[in-house]
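Raw contents of coords-v5.cif, mmCIF, N, CA and C atoms:
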```cif
data_coords
#
loop_
_atom_site.label_atom_id
_atom_site.label_comp_id
_atom_site.auth_asym_id
_atom_site.auth_seq_id
_atom_site.Cartn_x
_atom_site.Cartn_y
_atom_site.Cartn_z
N MET A 860 0.85 -1.17 0.00
CA MET A 860 0.00 0.00 0.00
C MET A 860 0.89 1.23 0.00
N HIS A 861 0.55 2.18 -0.83
CA HIS A 861 1.29 3.44 -0.90
C HIS A 861 0.57 4.47 -0.06
N THR A 862 1.34 5.37 0.53
CA THR A 862 0.78 6.41 1.39
C THR A 862 1.41 7.75 1.07
N VAL A 863 0.60 8.78 1.10
CA VAL A 863 1.10 10.15 1.00
C VAL A 863 0.70 10.83 2.30
N ASN A 864 1.68 11.20 3.11
CA ASN A 864 1.37 11.82 4.39
C ASN A 864 1.19 13.32 4.28
N ASN A 865 2.15 13.98 3.72
CA ASN A 865 2.12 15.43 3.71
C ASN A 865 2.00 15.94 2.28
N MET A 866 0.89 16.53 2.00
CA MET A 866 0.71 17.13 0.69
C MET A 866 1.56 18.40 0.64
N PRO A 867 1.96 18.82 -0.56
CA PRO A 867 2.82 20.01 -0.68
C PRO A 867 2.13 21.26 -0.14
N ASP A 868 2.92 22.18 0.40
CA ASP A 868 2.34 23.45 0.82
C ASP A 868 2.21 24.35 -0.41
N MET A 869 1.61 25.50 -0.21
CA MET A 869 1.32 26.38 -1.34
C MET A 869 2.58 26.85 -2.05
N GLY A 870 3.70 26.96 -1.33
CA GLY A 870 4.92 27.43 -1.95
C GLY A 870 5.41 26.53 -3.07
N GLU A 871 5.15 25.25 -2.95
CA GLU A 871 5.61 24.30 -3.97
C GLU A 871 4.46 23.70 -4.76
N SER A 872 3.24 24.07 -4.45
CA SER A 872 2.09 23.39 -5.05
C SER A 872 1.90 23.69 -6.54
N ALA A 873 2.21 24.88 -7.00
CA ALA A 873 2.01 25.20 -8.43
C ALA A 873 2.89 24.33 -9.31
N ALA A 874 4.14 24.19 -8.93
CA ALA A 874 5.06 23.35 -9.71
C ALA A 874 4.64 21.89 -9.65
N ARG A 875 4.22 21.45 -8.47
CA ARG A 875 3.79 20.05 -8.33
C ARG A 875 2.52 19.80 -9.14
N PHE A 876 1.58 20.76 -9.12
CA PHE A 876 0.36 20.64 -9.90
C PHE A 876 0.70 20.48 -11.38
N ASP A 877 1.56 21.36 -11.89
CA ASP A 877 1.94 21.29 -13.31
C ASP A 877 2.57 19.95 -13.64
N SER A 878 3.44 19.47 -12.78
CA SER A 878 4.12 18.20 -13.01
C SER A 878 3.12 17.04 -13.05
N LEU A 879 2.23 16.99 -12.08
CA LEU A 879 1.23 15.91 -12.04
C LEU A 879 0.26 15.99 -13.22
N TYR A 880 -0.15 17.22 -13.55
CA TYR A 880 -1.08 17.37 -14.66
C TYR A 880 -0.44 16.90 -15.96
N GLN A 881 0.80 17.25 -16.19
CA GLN A 881 1.49 16.80 -17.40
C GLN A 881 1.64 15.28 -17.42
N LEU A 882 1.99 14.70 -16.29
CA LEU A 882 2.12 13.25 -16.19
C LEU A 882 0.82 12.56 -16.57
N PHE A 883 -0.28 12.99 -15.98
CA PHE A 883 -1.56 12.35 -16.25
C PHE A 883 -2.06 12.64 -17.65
N SER A 884 -1.81 13.83 -18.15
CA SER A 884 -2.26 14.16 -19.51
C SER A 884 -1.56 13.32 -20.56
N ARG A 885 -0.32 12.96 -20.31
CA ARG A 885 0.40 12.08 -21.24
C ARG A 885 -0.09 10.65 -21.15
N LYS A 886 -0.51 10.25 -19.97
CA LYS A 886 -0.85 8.86 -19.71
C LYS A 886 -2.33 8.55 -19.95
N TYR A 887 -3.21 9.51 -19.65
CA TYR A 887 -4.65 9.29 -19.69
C TYR A 887 -5.36 10.49 -20.30
N SER A 888 -6.60 10.25 -20.69
CA SER A 888 -7.50 11.33 -21.05
C SER A 888 -8.16 11.81 -19.76
N LEU A 889 -7.99 13.08 -19.43
CA LEU A 889 -8.55 13.63 -18.20
C LEU A 889 -9.73 14.54 -18.49
N GLU A 890 -10.70 14.51 -17.62
CA GLU A 890 -11.81 15.46 -17.66
C GLU A 890 -11.98 16.01 -16.26
N THR A 891 -12.60 17.19 -16.17
CA THR A 891 -12.93 17.73 -14.87
C THR A 891 -14.41 17.49 -14.58
N LEU A 892 -14.70 17.39 -13.31
CA LEU A 892 -16.07 17.20 -12.85
C LEU A 892 -16.28 18.10 -11.65
N ASP A 893 -17.32 18.92 -11.69
CA ASP A 893 -17.67 19.77 -10.56
C ASP A 893 -18.65 19.03 -9.67
N LEU A 894 -18.34 18.98 -8.39
CA LEU A 894 -19.21 18.31 -7.42
C LEU A 894 -19.59 19.29 -6.32
N THR A 895 -20.83 19.18 -5.87
CA THR A 895 -21.28 19.92 -4.70
C THR A 895 -21.67 18.90 -3.66
N ILE A 896 -20.96 18.95 -2.54
CA ILE A 896 -21.25 18.04 -1.43
C ILE A 896 -21.53 18.92 -0.23
N ALA A 897 -22.81 18.98 0.15
CA ALA A 897 -23.29 19.93 1.15
C ALA A 897 -22.91 21.32 0.68
N ASP A 898 -22.15 22.07 1.47
CA ASP A 898 -21.73 23.41 1.06
C ASP A 898 -20.34 23.42 0.43
N ASN A 899 -19.79 22.25 0.22
CA ASN A 899 -18.44 22.14 -0.32
C ASN A 899 -18.48 21.98 -1.84
N GLN A 900 -17.83 22.90 -2.51
CA GLN A 900 -17.68 22.83 -3.96
C GLN A 900 -16.28 22.28 -4.25
N ILE A 901 -16.21 21.23 -5.04
CA ILE A 901 -14.91 20.73 -5.46
C ILE A 901 -14.94 20.44 -6.95
N THR A 902 -13.80 20.58 -7.55
CA THR A 902 -13.61 20.22 -8.96
C THR A 902 -12.53 19.16 -8.97
N ILE A 903 -12.83 18.04 -9.57
CA ILE A 903 -11.84 16.97 -9.61
C ILE A 903 -11.52 16.58 -11.04
N PHE A 904 -10.31 16.12 -11.22
CA PHE A 904 -9.93 15.48 -12.47
C PHE A 904 -10.28 14.00 -12.32
N HIS A 905 -10.78 13.42 -13.40
CA HIS A 905 -11.06 12.00 -13.40
C HIS A 905 -10.84 11.45 -14.80
N LEU A 906 -10.83 10.14 -14.90
CA LEU A 906 -10.66 9.46 -16.18
C LEU A 906 -12.04 9.06 -16.67
N PRO A 907 -12.49 9.60 -17.79
CA PRO A 907 -13.86 9.34 -18.24
C PRO A 907 -14.08 7.91 -18.74
N ASP A 908 -13.02 7.20 -19.13
CA ASP A 908 -13.18 5.86 -19.68
C ASP A 908 -12.37 4.85 -18.88
N THR A 909 -12.91 4.44 -17.75
CA THR A 909 -12.19 3.48 -16.92
C THR A 909 -12.16 2.09 -17.54
N ASP A 910 -13.08 1.81 -18.44
CA ASP A 910 -13.03 0.52 -19.14
C ASP A 910 -11.76 0.38 -19.97
N GLN A 911 -11.26 1.50 -20.47
CA GLN A 911 -10.01 1.48 -21.23
C GLN A 911 -8.86 0.97 -20.36
N LEU A 912 -8.85 1.36 -19.10
CA LEU A 912 -7.81 0.90 -18.18
C LEU A 912 -7.89 -0.60 -17.97
N LEU A 913 -9.10 -1.11 -17.85
CA LEU A 913 -9.27 -2.55 -17.69
C LEU A 913 -8.82 -3.29 -18.94
N ASP A 914 -9.20 -2.77 -20.10
CA ASP A 914 -8.76 -3.38 -21.37
C ASP A 914 -7.24 -3.40 -21.47
N GLU A 915 -6.59 -2.30 -21.08
CA GLU A 915 -5.13 -2.23 -21.13
C GLU A 915 -4.50 -3.24 -20.18
N LEU A 916 -5.10 -3.40 -19.02
CA LEU A 916 -4.59 -4.38 -18.06
C LEU A 916 -4.71 -5.79 -18.61
N LEU A 917 -5.87 -6.12 -19.13
CA LEU A 917 -6.09 -7.48 -19.64
C LEU A 917 -5.25 -7.77 -20.88
N ALA A 918 -4.92 -6.73 -21.64
CA ALA A 918 -4.08 -6.91 -22.83
C ALA A 918 -2.66 -7.33 -22.46
N LEU A 919 -2.27 -7.14 -21.21
CA LEU A 919 -0.94 -7.55 -20.78
C LEU A 919 -0.79 -9.07 -20.75
N GLY A 920 -1.91 -9.78 -20.74
CA GLY A 920 -1.88 -11.24 -20.75
C GLY A 920 -2.00 -11.82 -19.35
N PRO A 921 -2.48 -13.06 -19.27
CA PRO A 921 -2.79 -13.67 -17.97
C PRO A 921 -1.57 -13.92 -17.09
N GLU A 922 -0.38 -13.93 -17.65
CA GLU A 922 0.82 -14.21 -16.85
C GLU A 922 1.51 -12.94 -16.33
N HIS A 923 1.03 -11.78 -16.76
CA HIS A 923 1.64 -10.53 -16.31
C HIS A 923 1.36 -10.35 -14.81
N GLU A 924 2.35 -9.82 -14.10
CA GLU A 924 2.26 -9.63 -12.65
C GLU A 924 1.03 -8.80 -12.26
N ALA A 925 0.74 -7.74 -13.00
CA ALA A 925 -0.40 -6.87 -12.67
C ALA A 925 -1.72 -7.61 -12.83
N VAL A 926 -1.79 -8.52 -13.79
CA VAL A 926 -3.02 -9.29 -14.00
C VAL A 926 -3.15 -10.35 -12.91
N LYS A 927 -2.06 -11.05 -12.62
CA LYS A 927 -2.08 -12.07 -11.57
C LYS A 927 -2.43 -11.47 -10.21
N ASP A 928 -1.95 -10.27 -9.97
CA ASP A 928 -2.18 -9.59 -8.70
C ASP A 928 -3.53 -8.89 -8.66
N GLU A 929 -4.28 -8.99 -9.75
CA GLU A 929 -5.62 -8.38 -9.87
C GLU A 929 -5.60 -6.89 -9.54
N ARG A 930 -4.70 -6.18 -10.18
CA ARG A 930 -4.61 -4.73 -9.98
C ARG A 930 -5.66 -4.02 -10.85
N LEU A 931 -6.88 -4.34 -10.57
CA LEU A 931 -7.98 -3.75 -11.33
C LEU A 931 -8.04 -2.25 -11.04
N PRO A 932 -8.42 -1.47 -12.04
CA PRO A 932 -8.38 -0.01 -11.89
C PRO A 932 -9.59 0.56 -11.15
N TYR A 933 -9.93 -0.03 -10.01
CA TYR A 933 -11.06 0.49 -9.23
C TYR A 933 -10.84 1.93 -8.81
N TRP A 934 -9.58 2.30 -8.64
CA TRP A 934 -9.24 3.65 -8.18
C TRP A 934 -9.75 4.73 -9.10
N ALA A 935 -9.92 4.42 -10.38
CA ALA A 935 -10.24 5.44 -11.37
C ALA A 935 -11.73 5.77 -11.45
N ASP A 936 -12.55 4.96 -10.81
CA ASP A 936 -13.99 5.22 -10.82
C ASP A 936 -14.36 6.23 -9.73
N ILE A 937 -15.39 7.00 -10.00
CA ILE A 937 -15.95 7.87 -8.97
C ILE A 937 -17.04 7.04 -8.29
N TRP A 938 -16.74 6.63 -7.08
CA TRP A 938 -17.63 5.72 -6.36
C TRP A 938 -18.75 6.49 -5.68
N PRO A 939 -19.99 6.09 -5.89
CA PRO A 939 -21.10 6.73 -5.18
C PRO A 939 -20.91 6.69 -3.66
N SER A 940 -20.27 5.65 -3.17
CA SER A 940 -20.05 5.55 -1.72
C SER A 940 -19.12 6.66 -1.22
N SER A 941 -18.17 7.11 -2.03
CA SER A 941 -17.29 8.20 -1.58
C SER A 941 -18.06 9.51 -1.51
N ILE A 942 -18.98 9.70 -2.41
CA ILE A 942 -19.81 10.91 -2.36
C ILE A 942 -20.76 10.85 -1.17
N ALA A 943 -21.35 9.67 -0.93
CA ALA A 943 -22.25 9.51 0.21
C ALA A 943 -21.51 9.70 1.53
N LEU A 944 -20.32 9.11 1.67
CA LEU A 944 -19.54 9.27 2.89
C LEU A 944 -19.15 10.74 3.07
N SER A 945 -18.79 11.40 1.99
CA SER A 945 -18.45 12.82 2.06
C SER A 945 -19.64 13.64 2.54
N GLN A 946 -20.83 13.29 2.08
CA GLN A 946 -22.05 13.98 2.52
C GLN A 946 -22.25 13.79 4.02
N VAL A 947 -22.07 12.57 4.50
CA VAL A 947 -22.26 12.29 5.93
C VAL A 947 -21.27 13.08 6.78
N ILE A 948 -20.00 13.11 6.37
CA ILE A 948 -19.03 13.81 7.21
C ILE A 948 -19.22 15.32 7.19
N THR A 949 -19.83 15.86 6.12
CA THR A 949 -20.12 17.30 6.13
C THR A 949 -21.30 17.60 7.06
N GLU A 950 -22.19 16.63 7.22
CA GLU A 950 -23.33 16.81 8.11
C GLU A 950 -22.94 16.64 9.58
N MET A 951 -21.83 15.94 9.83
CA MET A 951 -21.36 15.71 11.19
C MET A 951 -19.87 16.05 11.27
N PRO A 952 -19.51 17.32 11.10
CA PRO A 952 -18.10 17.69 11.05
C PRO A 952 -17.33 17.36 12.32
N GLU A 953 -18.03 17.21 13.43
CA GLU A 953 -17.34 16.86 14.68
C GLU A 953 -16.65 15.50 14.59
N LEU A 954 -17.06 14.67 13.66
CA LEU A 954 -16.40 13.38 13.46
C LEU A 954 -15.01 13.54 12.85
N ILE A 955 -14.78 14.65 12.15
CA ILE A 955 -13.58 14.84 11.34
C ILE A 955 -12.72 16.00 11.81
N SER A 956 -13.35 17.10 12.12
CA SER A 956 -12.63 18.34 12.40
C SER A 956 -11.59 18.16 13.49
N GLN A 957 -10.36 18.60 13.18
CA GLN A 957 -9.24 18.58 14.11
C GLN A 957 -8.84 17.17 14.53
N LYS A 958 -9.12 16.18 13.68
CA LYS A 958 -8.76 14.79 13.98
C LYS A 958 -7.87 14.24 12.88
N GLN A 959 -7.10 13.22 13.23
CA GLN A 959 -6.30 12.49 12.26
C GLN A 959 -7.23 11.58 11.47
N ILE A 960 -7.20 11.70 10.13
CA ILE A 960 -8.08 10.93 9.26
C ILE A 960 -7.23 10.10 8.32
N LEU A 961 -7.54 8.81 8.20
CA LEU A 961 -6.87 7.92 7.28
C LEU A 961 -7.87 7.52 6.21
N ASP A 962 -7.60 7.90 4.97
CA ASP A 962 -8.46 7.57 3.84
C ASP A 962 -7.87 6.33 3.15
N LEU A 963 -8.42 5.16 3.46
CA LEU A 963 -7.95 3.90 2.89
C LEU A 963 -8.55 3.71 1.51
N GLY A 964 -7.73 3.43 0.52
CA GLY A 964 -8.24 3.25 -0.84
C GLY A 964 -8.84 4.54 -1.34
N CYS A 965 -8.02 5.58 -1.43
CA CYS A 965 -8.51 6.94 -1.68
C CYS A 965 -9.10 7.15 -3.07
N GLY A 966 -8.78 6.30 -4.03
CA GLY A 966 -9.33 6.48 -5.38
C GLY A 966 -8.94 7.83 -5.95
N VAL A 967 -9.91 8.61 -6.40
CA VAL A 967 -9.62 9.93 -6.96
C VAL A 967 -9.53 11.01 -5.88
N GLY A 968 -9.79 10.64 -4.62
CA GLY A 968 -9.53 11.52 -3.50
C GLY A 968 -10.69 12.34 -2.98
N ILE A 969 -11.91 12.04 -3.36
CA ILE A 969 -13.05 12.87 -2.98
C ILE A 969 -13.24 12.93 -1.47
N THR A 970 -13.30 11.78 -0.81
CA THR A 970 -13.60 11.76 0.62
C THR A 970 -12.49 12.44 1.43
N GLY A 971 -11.24 12.16 1.12
CA GLY A 971 -10.14 12.80 1.82
C GLY A 971 -10.13 14.30 1.62
N LEU A 972 -10.46 14.72 0.42
CA LEU A 972 -10.49 16.15 0.11
C LEU A 972 -11.57 16.86 0.92
N VAL A 973 -12.76 16.28 0.98
CA VAL A 973 -13.84 16.89 1.77
C VAL A 973 -13.47 16.88 3.25
N ALA A 974 -12.87 15.79 3.72
CA ALA A 974 -12.44 15.72 5.12
C ALA A 974 -11.44 16.84 5.44
N LYS A 975 -10.54 17.10 4.52
CA LYS A 975 -9.57 18.19 4.70
C LYS A 975 -10.28 19.54 4.74
N GLN A 976 -11.26 19.72 3.85
CA GLN A 976 -11.97 21.00 3.80
C GLN A 976 -12.74 21.30 5.08
N ILE A 977 -13.13 20.27 5.81
CA ILE A 977 -13.86 20.53 7.06
C ILE A 977 -12.96 20.40 8.29
N GLY A 978 -11.65 20.39 8.06
CA GLY A 978 -10.73 20.52 9.17
C GLY A 978 -10.01 19.27 9.64
N GLY A 979 -10.11 18.18 8.91
CA GLY A 979 -9.38 16.98 9.29
C GLY A 979 -7.92 17.05 8.85
N GLU A 980 -7.07 16.34 9.57
CA GLU A 980 -5.68 16.18 9.16
C GLU A 980 -5.61 14.83 8.45
N VAL A 981 -5.54 14.87 7.12
CA VAL A 981 -5.82 13.70 6.28
C VAL A 981 -4.54 13.05 5.76
N THR A 982 -4.50 11.73 5.85
CA THR A 982 -3.50 10.91 5.19
C THR A 982 -4.24 10.02 4.21
N ILE A 983 -3.80 10.04 2.95
CA ILE A 983 -4.44 9.20 1.95
C ILE A 983 -3.57 7.99 1.65
N THR A 984 -4.23 6.87 1.36
CA THR A 984 -3.52 5.65 1.01
C THR A 984 -4.24 4.96 -0.14
N ASP A 985 -3.48 4.24 -0.92
CA ASP A 985 -4.05 3.40 -1.97
C ASP A 985 -2.99 2.42 -2.42
N TYR A 986 -3.41 1.29 -2.93
CA TYR A 986 -2.50 0.28 -3.45
C TYR A 986 -1.89 0.73 -4.77
N GLN A 987 -2.64 1.50 -5.53
CA GLN A 987 -2.20 1.94 -6.85
C GLN A 987 -1.55 3.33 -6.78
N GLU A 988 -0.34 3.41 -7.28
CA GLU A 988 0.40 4.68 -7.28
C GLU A 988 -0.36 5.77 -8.05
N ASP A 989 -1.00 5.41 -9.16
CA ASP A 989 -1.74 6.42 -9.93
C ASP A 989 -2.90 7.01 -9.14
N ALA A 990 -3.50 6.23 -8.27
CA ALA A 990 -4.58 6.76 -7.43
C ALA A 990 -4.04 7.85 -6.52
N LEU A 991 -2.88 7.61 -5.93
CA LEU A 991 -2.29 8.61 -5.05
C LEU A 991 -1.94 9.88 -5.81
N ARG A 992 -1.38 9.73 -6.98
CA ARG A 992 -0.99 10.90 -7.76
C ARG A 992 -2.22 11.68 -8.22
N LEU A 993 -3.28 10.98 -8.66
CA LEU A 993 -4.49 11.68 -9.09
C LEU A 993 -5.16 12.35 -7.89
N SER A 994 -5.16 11.70 -6.75
CA SER A 994 -5.70 12.33 -5.54
C SER A 994 -4.91 13.58 -5.18
N GLU A 995 -3.60 13.48 -5.32
CA GLU A 995 -2.76 14.64 -5.03
C GLU A 995 -3.07 15.79 -6.00
N LEU A 996 -3.24 15.47 -7.27
CA LEU A 996 -3.60 16.48 -8.25
C LEU A 996 -4.93 17.14 -7.87
N ASN A 997 -5.91 16.33 -7.49
CA ASN A 997 -7.21 16.87 -7.08
C ASN A 997 -7.10 17.69 -5.79
N TRP A 998 -6.24 17.24 -4.91
CA TRP A 998 -5.98 17.98 -3.66
C TRP A 998 -5.46 19.38 -4.00
N LEU A 999 -4.46 19.41 -4.87
CA LEU A 999 -3.85 20.69 -5.25
C LEU A 999 -4.84 21.59 -5.98
N MET A 1000 -5.74 20.98 -6.73
CA MET A 1000 -6.74 21.75 -7.47
C MET A 1000 -7.71 22.45 -6.53
N ASN A 1001 -7.92 21.88 -5.34
CA ASN A 1001 -9.01 22.34 -4.47
C ASN A 1001 -8.59 22.94 -3.14
N THR A 1002 -7.35 22.84 -2.77
CA THR A 1002 -6.94 23.40 -1.48
C THR A 1002 -6.11 24.65 -1.67
N LYS A 1003 -6.22 25.51 -0.74
CA LYS A 1003 -5.49 26.77 -0.81
C LYS A 1003 -4.79 27.04 0.49
#
```
Could you express the structure from this file as structure tokens?
Amino acid sequence: MHTVNNMPDMGESAARFDSLYQLFSRKYSLETLDLTIADNQITIFHLPDTDQLLDELLALGPEHEAVKDERLPYWADIWPSSIALSQVITEMPELISQKQILDLGCGVGITGLVAKQIGGEVTITDYQEDALRLSELNWLMNTK
């Protein structure tokens, strides 16, 4: 499992944003999506065609390590459960505010991002390195 503990501060965030955006733009087709979760407005980058990722994985063949390890691209989907959990934590900020939060399987980073916006000290984790990088890109897009 990969973990990102400390997201960049604003002094280094513009350069990091550019670097991550270029990395993902070369690797994937990115789209933005505006979400409203309670009073929180966020804009996230996401991959509009997650089936393409699955096709690319399966094209590696059944003996490839990534296929054997079942590294399915679940991280690239926008999960309704992450939006629902984000809604719940905005309705009960006392669960999150000023607390250490561990976002397991962060995906595109929606829940961790909302937790940060309401005052949590967030650590994101995911098995897939691209999930962490996309979450970081979304973090940089939405935090100031």
- Near Pro907 (chain A), within 6.5 Å and counting all atoms listed in the file, which residues show up once chain neighbours fewer than 5 positions away are dropped, as a list of chain:residue names? A:Ser888, A:Leu889, A:Glu890
Would you compute the box with edges along x, y and z of the file around region 893-902 of chain A, including every atom the file lists for it and 4 Å extra on each side, and give its centre and edge lengths in Å to one decimal, as lines of an AutoDock Vina configuration file?
```
center_x = -17.9
center_y = 20.7
center_z = -5.1
size_x = 18.8
size_y = 13.4
size_z = 21.2
```
- Task: Name the residues, using the chain letters and numbers of the file, that sit within 12 Å of (-10.9, 24.7, 9.9) when counting only C-alpha atoms, and give them as an MDAnalysis selection string.
- Result: chainID A and resid 952:953 955:958 973:980
- Got a sec: who's within 7 Å of region 937-947 of chain A, counting only C-alpha atoms, leaving out chain neighbours fewer than 3 positions off, as a list in words?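 Using only C-alpha atoms, the neighbours found are Ile896, Ala897, Glu950, Met951, Val967, Ile969, Thr970 and Val973 of chain A.
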Export of the given selection (N, CA and C atoms) as a CSV table (one decimal), in the frame of the given file:
```csv
chain,number,residue,atom,x,y,z
A,896,ILE,N,-21.0,19.0,-2.5
A,896,ILE,CA,-21.2,18.0,-1.4
A,896,ILE,C,-21.5,18.9,-0.2
A,897,ALA,N,-22.8,19.0,0.2
A,897,ALA,CA,-23.3,19.9,1.2
A,897,ALA,C,-22.9,21.3,0.7
A,950,GLU,N,-22.2,16.6,7.2
A,950,GLU,CA,-23.3,16.8,8.1
A,950,GLU,C,-22.9,16.6,9.6
A,951,MET,N,-21.8,15.9,9.8
A,951,MET,CA,-21.4,15.7,11.2
A,951,MET,C,-19.9,16.0,11.3
A,967,VAL,N,-9.9,8.6,-6.4
A,967,VAL,CA,-9.6,9.9,-7.0
A,967,VAL,C,-9.5,11.0,-5.9
A,969,ILE,N,-11.9,12.0,-3.4
A,969,ILE,CA,-13.0,12.9,-3.0
A,969,ILE,C,-13.2,12.9,-1.5
A,970,THR,N,-13.3,11.8,-0.8
A,970,THR,CA,-13.6,11.8,0.6
A,970,THR,C,-12.5,12.4,1.4
A,973,VAL,N,-12.8,16.3,1.0
A,973,VAL,CA,-13.8,16.9,1.8
A,973,VAL,C,-13.5,16.9,3.2
```
- Task: Run the PyMOL selection byres (((chain A and resi 960 and name CA) around 6) and name CA) mentally over the shown coordinates, then write out the matched residues as a list in words, using the chain letters and numbers from the document.
- Result: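 What the PyMOL selection byres (((chain A and resi 960 and name CA) around 6) and name CA) grabs from the file is Gln959, Leu961, Glu980 and Val981 of chain A.
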- Task: Can you pull out every residue within 6.5 Å of Leu996 (chain A), counting all atoms listed in the file, but drop anything in the same chain fewer than 4 positions away, and send it as a list of chain:residue names?
- Result: A:Phe876, A:Leu879, A:Tyr880, A:Phe904, A:Leu991, A:Arg992, A:Met1000, A:Asn1001
